[in-house]
Amino acid sequence: MGIHLLHGCAPTWVQHRQSFRNYVPENRLWTYLKSLEQKYVPWSKHGINHHVLTVDDSTQGAARACVLARELGHHVILFVNPLQIIRQVPYFFSLLDELLDQCANHTVTYGGIKYELYGLTVTRSLRRVLKADLLTISDEAALQRVRELAREFDAPDLNISHHAQTMSIDELREISSLGVEIANHGWSHLEISHLNHEQVAAHILDGQKWIQQEIGLPAEHYAVPFGTSFVSDAAQVLVRGITMLANSSLPQGELRPGQWNRFELTEELQKP
Ligand SMILES: [Zn+2]
């Protein structure tokens with residue numbers, strides 16, 4: 001059994017734009033989901049020959065991918081963060097991608113280093129540096145920092161594209177009513193390797209509790225924000241189902257008891 005991962009789709013997808021880097025063209029996703037002989041199924045310990053489809057983050061593009069999957073008869077698990085939905089704020093990395101798109105073909109200075117943003121290589125290296133710095137602070141502090149950077153980089157008006165905007169609680173309830181399985185991506189989109197056990201426990205349990213309260217169904221599974229860090233055995237006990245990672249440098253499947261690595265479909269579905 002493989003667990004597949006997407007971050008959503010966009011109807012008008014544009015290649016080489018940072019704001020689309022984690023999304024796939026909607027028509028490609030439709031064709032792919034329609035072409036599969038075996039439907040995606042719910043996760044099960046015994047589902048050896050079947051695949052599971054998961055979509056991460058509380059965005060419009062993620063919601064759209066889940067709706068397509070349900071229309072075509074697939075089971076799909078959506079991992080959401082309550083903080084973004086409650087506060088109706090975007091993810092800091094979505095705002096960062098908009099900033100990098102606005103700075104395309106400009107030179108910016110960060111950390112004393114000049115970045116000539118005329119191609120993907122330099123843009124991606126600046127993104128890595130910025131993301132590493134932003135990962136050490138809270139979601140809201142990171143959003144604020146990106147807004148400050150926008151002023152420093154002379155790109156003050158950042159608009160989040162529709163596919164990266166945060167869904168509302170009503171939209172989440174609506175897709176749940178279509179049969180999309182709502183699961184826990186943690187209270188907010190924090191890098192958990194920077195947290196102590198109590199903070200990780202609160203991050204997992206607060207997300208589970210909110211989904212149960214708002215959706216009326218238990219959140220079985222948990223997906224680690226950013227996908228690379230394992231949870232401790234003590235934190236894994238708090239997860240009802242399994243913990244899912246998305247770490248392309250590790251093999252797929254169950255890597256520790258209850259912790260499974262997923263296969264990212266995005267790159268394959270972005271190919272022309
Ligand atoms: Zn995520």
# chains A, B, ... in the order shown; residues from 1 in each chain; ligands from 1
>>> closest_atom_pairs(of="chain A", to="ligand 1", cutoff="7 Å", atoms="only C-alpha atoms and all ligand atoms", output="tab-separated table")
residue	atom	partner	partner_atom_place_in_ligand_line	distance
A:Asp56	CA	ligand 1	1 (Zn)	5.1
A:Asp57	CA	ligand 1	1 (Zn)	4.8
A:His185	CA	ligand 1	1 (Zn)	6.8
A:His189	CA	ligand 1	1 (Zn)	6.4
A:Pro225	CA	ligand 1	1 (Zn)	4.7
A:Phe226	CA	ligand 1	1 (Zn)	5.5
>>> write_last_selection(atoms="C-alpha atoms", output="compact mmCIF listing (two decimals), in the first residue's frame")
# COMPACT_ATOMS: atom_id res chain seq x y z
CA ASP A 56 -2.41 18.72 3.00
CA ASP A 57 -3.27 22.24 4.23
CA HIS A 185 -2.33 18.68 10.48
CA HIS A 189 1.68 24.76 10.66
CA PRO A 225 3.67 20.00 9.10
CA PHE A 226 6.52 20.23 6.53
>>> select_by_dssp(residues="segment 130-268 of chain A", states="strand (DSSP E or B)", output="list in words")
Thr166, Glu181, Ile182, Ala183, Asn184, Tyr222, Ala223, Thr243, Met244, Leu245, Gly253, Glu254, Leu255, Arg256, Gln259, Trp260, Asn261, Phe263 and Glu264 of chain A
>>> residues_around(residues="Val239 of chain A", least_positions_apart="6", cutoff="12 Å", atoms="only C-alpha atoms", output="list in words")
Ala183, Asn184, His185, Gly186, Val200, Ala201, Ala202, His203, Ile204, Leu205, Asp206, Gly207, Gln208, Lys209, Pro218, Ala219, Glu220, His221, Tyr222, Ala223, Val224, Val231, Ser232, Asp233, Pro257, Gly258 and Gln259 of chain A
>>> closest_residue(among="A:Glu148, A:Glu214, A:Asp139, A:Glu171", to="Ser188 of chain A", atoms="only C-alpha atoms")
A:Asp139
>>> atom_distance(atom1="atom CA of Ala69 of chain A", atom2="atom CA of Glu98 of chain A")
27.2 Å
>>> closest_residue(among="A:Ile3, A:Val89, A:Leu68, A:Leu245", to="Thr31 of chain A", atoms="only C-alpha atoms")
A:Leu68
>>> closest_residue(among="A:Lys39, A:Lys114, A:Arg128, A:Arg173", to="His51 of chain A", atoms="only C-alpha atoms")
A:Lys39
>>> closest_residue(among="A:Gln144, A:His74, A:Val67, A:Leu5", to="Val41 of chain A", atoms="only C-alpha atoms")
A:His74
>>> select_by_dssp(residues="segment 21-254 of chain A", states="alpha helix (DSSP H)", output="number ranges by chain")
A: 26-35, 60-71, 82-87, 92-102, 120-134, 139-152, 169-177, 197-215, 233-236
>>> write_last_selection(atoms="C-alpha atoms", output="compact mmCIF listing (two decimals), in the first residue's frame")
# COMPACT_ATOMS: atom_id res chain seq x y z
CA GLU A 26 -6.81 20.99 -12.20
CA ASN A 27 -7.34 19.34 -15.60
CA ARG A 28 -4.27 17.10 -15.08
CA LEU A 29 -5.55 16.02 -11.69
CA TRP A 30 -9.00 15.26 -13.12
CA THR A 31 -7.53 13.14 -15.95
CA TYR A 32 -5.23 11.31 -13.55
CA LEU A 33 -7.98 10.51 -11.02
CA LYS A 34 -10.34 9.40 -13.80
CA SER A 35 -7.73 7.12 -15.39
CA GLN A 60 -8.96 26.51 -1.53
CA GLY A 61 -6.72 24.48 -3.85
CA ALA A 62 -6.65 21.60 -1.37
CA ALA A 63 -10.45 21.74 -1.01
CA ARG A 64 -10.86 21.70 -4.81
CA ALA A 65 -8.61 18.63 -5.18
CA CYS A 66 -10.71 16.83 -2.55
CA VAL A 67 -13.96 17.71 -4.32
CA LEU A 68 -12.60 16.32 -7.63
CA ALA A 69 -11.51 13.12 -5.89
CA ARG A 70 -14.98 12.62 -4.38
CA GLU A 71 -16.72 13.37 -7.71
CA PRO A 82 -7.49 25.04 12.68
CA LEU A 83 -5.48 28.21 13.36
CA GLN A 84 -5.48 29.32 9.72
CA ILE A 85 -9.22 28.55 9.35
CA ILE A 86 -10.28 30.28 12.57
CA ARG A 87 -8.22 33.41 11.99
CA PHE A 92 3.27 32.21 5.72
CA PHE A 93 4.81 30.12 2.93
CA SER A 94 1.96 31.07 0.57
CA LEU A 95 2.65 34.73 1.26
CA LEU A 96 6.38 34.07 0.84
CA ASP A 97 5.74 32.50 -2.58
CA GLU A 98 3.69 35.54 -3.64
CA LEU A 99 6.55 37.76 -2.50
CA LEU A 100 9.10 35.78 -4.52
CA ASP A 101 6.85 35.99 -7.62
CA GLN A 102 6.62 39.75 -7.21
CA LEU A 120 14.48 29.44 -10.57
CA THR A 121 17.84 28.43 -9.07
CA VAL A 122 18.55 31.68 -7.24
CA THR A 123 14.88 32.16 -6.32
CA ARG A 124 14.75 28.69 -4.78
CA SER A 125 17.98 29.21 -2.86
CA LEU A 126 16.60 32.46 -1.40
CA ARG A 127 13.37 30.62 -0.56
CA ARG A 128 15.29 27.92 1.31
CA VAL A 129 17.19 30.53 3.35
CA LEU A 130 14.03 32.51 4.17
CA LYS A 131 12.00 29.41 4.99
CA ALA A 132 14.71 28.09 7.35
CA ASP A 133 14.59 31.42 9.26
CA LEU A 134 10.77 31.58 9.28
CA ASP A 139 2.87 31.02 12.08
CA GLU A 140 1.63 34.50 12.87
CA ALA A 141 5.11 35.92 13.58
CA ALA A 142 6.27 34.40 10.28
CA LEU A 143 3.38 36.06 8.40
CA GLN A 144 4.30 39.38 9.96
CA ARG A 145 7.96 38.89 9.02
CA VAL A 146 7.06 38.17 5.37
CA ARG A 147 5.02 41.40 5.30
CA GLU A 148 8.07 43.28 6.61
CA LEU A 149 10.26 41.63 4.00
CA ALA A 150 7.78 42.74 1.33
CA ARG A 151 8.38 46.34 2.36
CA GLU A 152 12.17 45.79 2.47
CA ILE A 169 -15.20 26.74 8.42
CA ASP A 170 -18.40 26.52 6.31
CA GLU A 171 -16.36 25.35 3.31
CA LEU A 172 -14.66 22.75 5.50
CA ARG A 173 -18.05 21.47 6.72
CA GLU A 174 -19.30 21.35 3.14
CA ILE A 175 -16.43 19.19 1.90
CA SER A 176 -16.78 16.97 4.96
CA SER A 177 -20.44 16.46 3.96
CA HIS A 197 6.98 17.35 24.23
CA GLU A 198 4.26 19.42 25.93
CA GLN A 199 4.08 21.76 22.93
CA VAL A 200 3.91 18.85 20.45
CA ALA A 201 1.20 17.20 22.58
CA ALA A 202 -0.88 20.42 22.63
CA HIS A 203 -0.34 20.89 18.85
CA ILE A 204 -1.71 17.37 18.16
CA LEU A 205 -4.50 17.25 20.77
CA ASP A 206 -5.85 20.79 20.10
CA GLY A 207 -6.13 19.98 16.38
CA GLN A 208 -7.93 16.69 17.07
CA LYS A 209 -10.32 18.31 19.53
CA TRP A 210 -11.23 21.20 17.21
CA ILE A 211 -12.02 18.85 14.31
CA GLN A 212 -14.20 16.66 16.55
CA GLN A 213 -16.07 19.76 17.80
CA GLU A 214 -16.51 21.54 14.47
CA ILE A 215 -16.99 18.61 12.11
CA ASP A 233 6.77 7.51 20.78
CA ALA A 234 5.10 9.49 23.60
CA ALA A 235 3.49 11.86 21.04
CA GLN A 236 2.54 9.01 18.68
>>> residues_around(residues="Glu191 of chain A", least_positions_apart="4", cutoff="9 Å", atoms="only C-alpha atoms", output="list in words")
Leu135, Thr136, Ile137, Leu195, Val224, Pro225, Phe226, Gly227, Thr228 and Ser229 of chain A
>>> closest_residue(among="A:His75, A:Arg262, A:Arg17, A:Lys271", to="Trp43 of chain A", atoms="only C-alpha atoms")
A:His75
>>> atom_distance(atom1="atom CA of Gly179 of chain A", atom2="atom CA of Asn247 of chain A")
27.5 Å
